[in-house]
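Structure first, commentary second.
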Amino acid sequence: MMLGFLLARAGVEVTVLEKHADFFRDFRGDTIHPSTLEITHELGLLDAFLKRPHQEVRELTGQIGEERVTLADFSHLPTRCRFIGFMPQWEFLDFLAEHARRYPSFHLRMQTEVTDLLEAGGSVTGVKAKVPEGTLQVQADLVAGADGRHSAVRDLAGLEVDDRGAPMDVLWLRLSKRPGDGIQTLGRIEAGRLFVMLDRGDYWQCAFVIPKGGFNELRRRGLSAFRGAIVELNPSLADRVQEISSWDDVKLLTVRVDRLKRWYRPGLLCIGDAAHAMSPVGGVGINLAIQDAVAAANILALPLRKGPVPVELLHKVQRRREWPTRMMQAVQIFVQTRIIRNVLAMQTQPGVPFAVQLLNLYPWLRRLPARLIGMGFRPEHVRTPELPSPTKNQIA
Ligand SMILES: Cc1cc2nc3c(=O)[nH]c(=O)nc-3n(C[C@H](O)[C@H](O)[C@H](O)COP(=O)(O)OP(=O)(O)OC[C@H]3O[C@@H](n4cnc5c(N)ncnc54)[C@H](O)[C@@H]3O)c2cc1C
């Protein structure tokens, strides 16, 4: 959606295809990071964005055993917004679509599922899609595969995936918020367990981290044992764990960390999760996807106004975005294997790691994780101009 917005803004004819009829999904990534907010500001949309319902988180805190710790402090970032915005993903997509529609060259087709690629002379020249009326063909100078971690486009294009593995899966669930809940810690670490609670205004979005493939074993032990485990982690939830009335209320996220070896083919480019599925560590997936879109638009928008782009420019997008992706995945894999895997295997109460003790002792050190999470490696800036559409080039 962001790439569609930026290209349409630069006068390139764009059609965004979305297989669902709407953007409503429970438990999608909902964090809008300071660097994404900065891009929103550069596009002149920040005030409108902040009018939409959202929460602002200025510090990330946690509880390890009995000890409370502050892990990141965003209040010193060199950005306009020194907080993480929590906004339901459908609201953010709707916001982008609303502003993109101001450009006559922007088109959005819902209920349009890409099922095949059109090819000619060794290049991708468009897509075939399933629509309620039957099938549709869209010819395009460039197909941008931004279709997420189970990308059909990357499979159809035969792009090779480098799977980096992950030791855990995540169960998402929601519990009501009650008066008097107060400010809760964001993450709780106990022997063998890791639980995260995100304040979503009128409810808590909760993540329960389990060892990879452990969901069936958890189900076998039964729902009341699961509810009991949550109460052990946070006794104040005892009055509402019954809201988890069946396993249907618990959504399994199979954690993946992977990336494509090559993000492109002539006429086709993958970005976002389609190019690199991120671990939930740090909640950076949306931010990276947005940064990819900005970089791709910066490199491709003006050439696309004239027609198909040479493969060297697609390579340039990969070169620009691969390094920040690799670096962030390296950090995530470090946290997964050195911290999360150990916590999940622990039988006794964990102590506060030395690095975290330092964050408690020297508060200014909390700016470092804030910078890493809030801005990432190599933050992008909008370089594309706002231009009228000259031609009928199309991106699908
Ligand atoms: C449960 C969960 C929680 C997460 N929490 C966070 C978080 O807190 N913070 C964070 O930053 N990230 C989080 N993430 C990751 C984040 O959602 C992704 O990294 C981010 O959304 C990637 O954006 P994207 O545009 O590449 O793909 P997506 O957001 O996955 O978008 C892909 C879109 O393509 C559509 N689509 C798929 N196939 C087709 C097709 N064949 N034809 C047409 N359309 C198609 C899909 O319906 C979808 O709308 C979470 C992910 C999950 C699953």
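Residue numbering restarts at 1 in every chain; chains get A, B, ... in the order shown in the structure tokens, and ligands count up from 1 in that same order.
Proximity to A:Gly283 at 10 Å, evaluated using only C-alpha atoms and with sequence-adjacent residues fewer than 3 positions away removed, yields Gly29, Asp30, Thr31, Ile32, His33, Met278, Ser279, Pro280, Ile286, Asn287, Leu288, Ile373 and Gly374 of chain A.
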Could you save the residues just selected, with all heavy atoms, as an mmCIF file, in the first residue's frame?
data_model
loop_
_atom_site.group_PDB
_atom_site.id
_atom_site.type_symbol
_atom_site.label_atom_id
_atom_site.label_comp_id
_atom_site.auth_asym_id
_atom_site.auth_seq_id
_atom_site.Cartn_x
_atom_site.Cartn_y
_atom_site.Cartn_z
ATOM 1 N N GLY A 29 0.481 -7.163 12.862
ATOM 2 C CA GLY A 29 1.421 -6.190 13.400
ATOM 3 C C GLY A 29 0.770 -4.826 13.474
ATOM 4 O O GLY A 29 0.174 -4.386 12.506
ATOM 5 N N ASP A 30 0.869 -4.214 14.628
ATOM 6 C CA ASP A 30 0.167 -2.947 14.837
ATOM 7 C C ASP A 30 1.091 -1.825 15.283
ATOM 8 O O ASP A 30 0.622 -0.790 15.734
ATOM 9 C CB ASP A 30 -0.915 -3.129 15.914
ATOM 10 C CG ASP A 30 -2.050 -4.021 15.430
ATOM 11 O OD1 ASP A 30 -2.137 -4.236 14.219
ATOM 12 O OD2 ASP A 30 -2.828 -4.472 16.269
ATOM 13 N N THR A 31 2.403 -2.027 15.196
ATOM 14 C CA THR A 31 3.312 -1.005 15.714
ATOM 15 C C THR A 31 3.788 -0.095 14.587
ATOM 16 O O THR A 31 4.268 -0.565 13.565
ATOM 17 C CB THR A 31 4.532 -1.659 16.382
ATOM 18 O OG1 THR A 31 5.113 -2.585 15.455
ATOM 19 C CG2 THR A 31 4.157 -2.399 17.639
ATOM 20 N N ILE A 32 3.627 1.196 14.797
ATOM 21 C CA ILE A 32 4.124 2.179 13.832
ATOM 22 C C ILE A 32 5.308 2.876 14.501
ATOM 23 O O ILE A 32 5.136 3.632 15.460
ATOM 24 C CB ILE A 32 3.021 3.216 13.465
ATOM 25 C CG1 ILE A 32 1.698 2.520 13.120
ATOM 26 C CG2 ILE A 32 3.489 4.106 12.327
ATOM 27 C CD1 ILE A 32 1.719 1.636 11.911
ATOM 28 N N HIS A 33 6.495 2.590 13.988
ATOM 29 C CA HIS A 33 7.716 3.010 14.662
ATOM 30 C C HIS A 33 8.071 4.466 14.349
ATOM 31 O O HIS A 33 7.585 5.023 13.361
ATOM 32 C CB HIS A 33 8.858 2.084 14.250
ATOM 33 C CG HIS A 33 8.757 0.723 14.893
ATOM 34 N ND1 HIS A 33 9.832 0.063 15.414
ATOM 35 C CD2 HIS A 33 7.695 -0.058 15.134
ATOM 36 C CE1 HIS A 33 9.441 -1.085 15.936
ATOM 37 N NE2 HIS A 33 8.147 -1.178 15.768
ATOM 38 N N MET A 278 10.215 -11.513 9.060
ATOM 39 C CA MET A 278 10.965 -11.111 10.247
ATOM 40 C C MET A 278 10.415 -11.836 11.476
ATOM 41 O O MET A 278 9.229 -12.164 11.550
ATOM 42 C CB MET A 278 10.843 -9.597 10.472
ATOM 43 C CG MET A 278 11.256 -8.739 9.287
ATOM 44 S SD MET A 278 12.974 -8.955 8.770
ATOM 45 C CE MET A 278 13.868 -8.219 10.143
ATOM 46 N N SER A 279 11.275 -12.023 12.467
ATOM 47 C CA SER A 279 10.832 -12.531 13.772
ATOM 48 C C SER A 279 10.015 -11.430 14.456
ATOM 49 O O SER A 279 10.228 -10.249 14.194
ATOM 50 C CB SER A 279 12.070 -12.854 14.601
ATOM 51 O OG SER A 279 11.758 -12.870 15.967
ATOM 52 N N PRO A 280 9.100 -11.802 15.371
ATOM 53 C CA PRO A 280 8.388 -10.737 16.094
ATOM 54 C C PRO A 280 9.273 -9.967 17.088
ATOM 55 O O PRO A 280 8.838 -8.957 17.626
ATOM 56 C CB PRO A 280 7.269 -11.485 16.836
ATOM 57 C CG PRO A 280 7.570 -12.923 16.749
ATOM 58 C CD PRO A 280 8.590 -13.146 15.683
ATOM 59 N N ILE A 286 6.651 -4.346 10.209
ATOM 60 C CA ILE A 286 5.954 -3.312 9.437
ATOM 61 C C ILE A 286 6.941 -2.234 9.017
ATOM 62 O O ILE A 286 6.961 -1.782 7.878
ATOM 63 C CB ILE A 286 4.836 -2.669 10.280
ATOM 64 C CG1 ILE A 286 3.787 -3.714 10.615
ATOM 65 C CG2 ILE A 286 4.208 -1.490 9.568
ATOM 66 C CD1 ILE A 286 2.715 -3.219 11.541
ATOM 67 N N ASN A 287 7.781 -1.854 9.998
ATOM 68 C CA ASN A 287 8.721 -0.789 9.721
ATOM 69 C C ASN A 287 9.647 -1.152 8.561
ATOM 70 O O ASN A 287 9.874 -0.346 7.655
ATOM 71 C CB ASN A 287 9.535 -0.511 10.989
ATOM 72 C CG ASN A 287 10.217 0.820 10.914
ATOM 73 O OD1 ASN A 287 9.621 1.798 10.480
ATOM 74 N ND2 ASN A 287 11.463 0.860 11.305
ATOM 75 N N LEU A 288 10.141 -2.384 8.561
ATOM 76 C CA LEU A 288 11.030 -2.781 7.473
ATOM 77 C C LEU A 288 10.293 -2.797 6.135
ATOM 78 O O LEU A 288 10.844 -2.396 5.112
ATOM 79 C CB LEU A 288 11.653 -4.152 7.750
ATOM 80 C CG LEU A 288 13.094 -4.013 8.231
ATOM 81 C CD1 LEU A 288 13.155 -3.957 9.742
ATOM 82 C CD2 LEU A 288 13.980 -5.098 7.692
ATOM 83 N N ILE A 373 15.340 -0.276 17.766
ATOM 84 C CA ILE A 373 13.961 -0.688 17.491
ATOM 85 C C ILE A 373 13.201 0.423 16.758
ATOM 86 O O ILE A 373 12.485 0.172 15.794
ATOM 87 C CB ILE A 373 13.232 -1.022 18.830
ATOM 88 C CG1 ILE A 373 13.873 -2.237 19.484
ATOM 89 C CG2 ILE A 373 11.743 -1.268 18.596
ATOM 90 C CD1 ILE A 373 13.396 -2.506 20.904
ATOM 91 N N GLY A 374 13.386 1.664 17.234
ATOM 92 C CA GLY A 374 12.569 2.768 16.707
ATOM 93 C C GLY A 374 12.962 3.217 15.322
ATOM 94 O O GLY A 374 12.108 3.666 14.547
#
Would you mind listing what lies within 7 Å of A:Met1 as a PyMOL selection string, with only C-alpha atoms counted and same-chain residues fewer than 6 positions away left out? chain A and resi 16+93+96-97
DSSP on the backbone, then: every residue of stretch 24-265 of chain A marked strand (DSSP E), written as a PyMOL selection string. chain A and resi 31-32+55-57+59-64+67-73+84-86+106-109+113-120+123-131+134-139+143-145+161-163+168-176+187-190+193-199+203-211+251-253+258-260+264-265
Option closest in space to ligand 1, from A:Ala166, A:Leu194, A:Leu71, A:Met110 [counting only C-alpha atoms and all ligand atoms]: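 Using only C-alpha atoms and all ligand atoms, the shortest distance to ligand 1 belongs to A:Met110.
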Please return as number ranges by chain the residues found within 7 Å of ligand 1, counting only C-alpha atoms and all ligand atoms. A: 17-20, 23, 27-32, 112-115, 146-153, 172, 253, 271-274, 277-278, 280, 283-287, 289
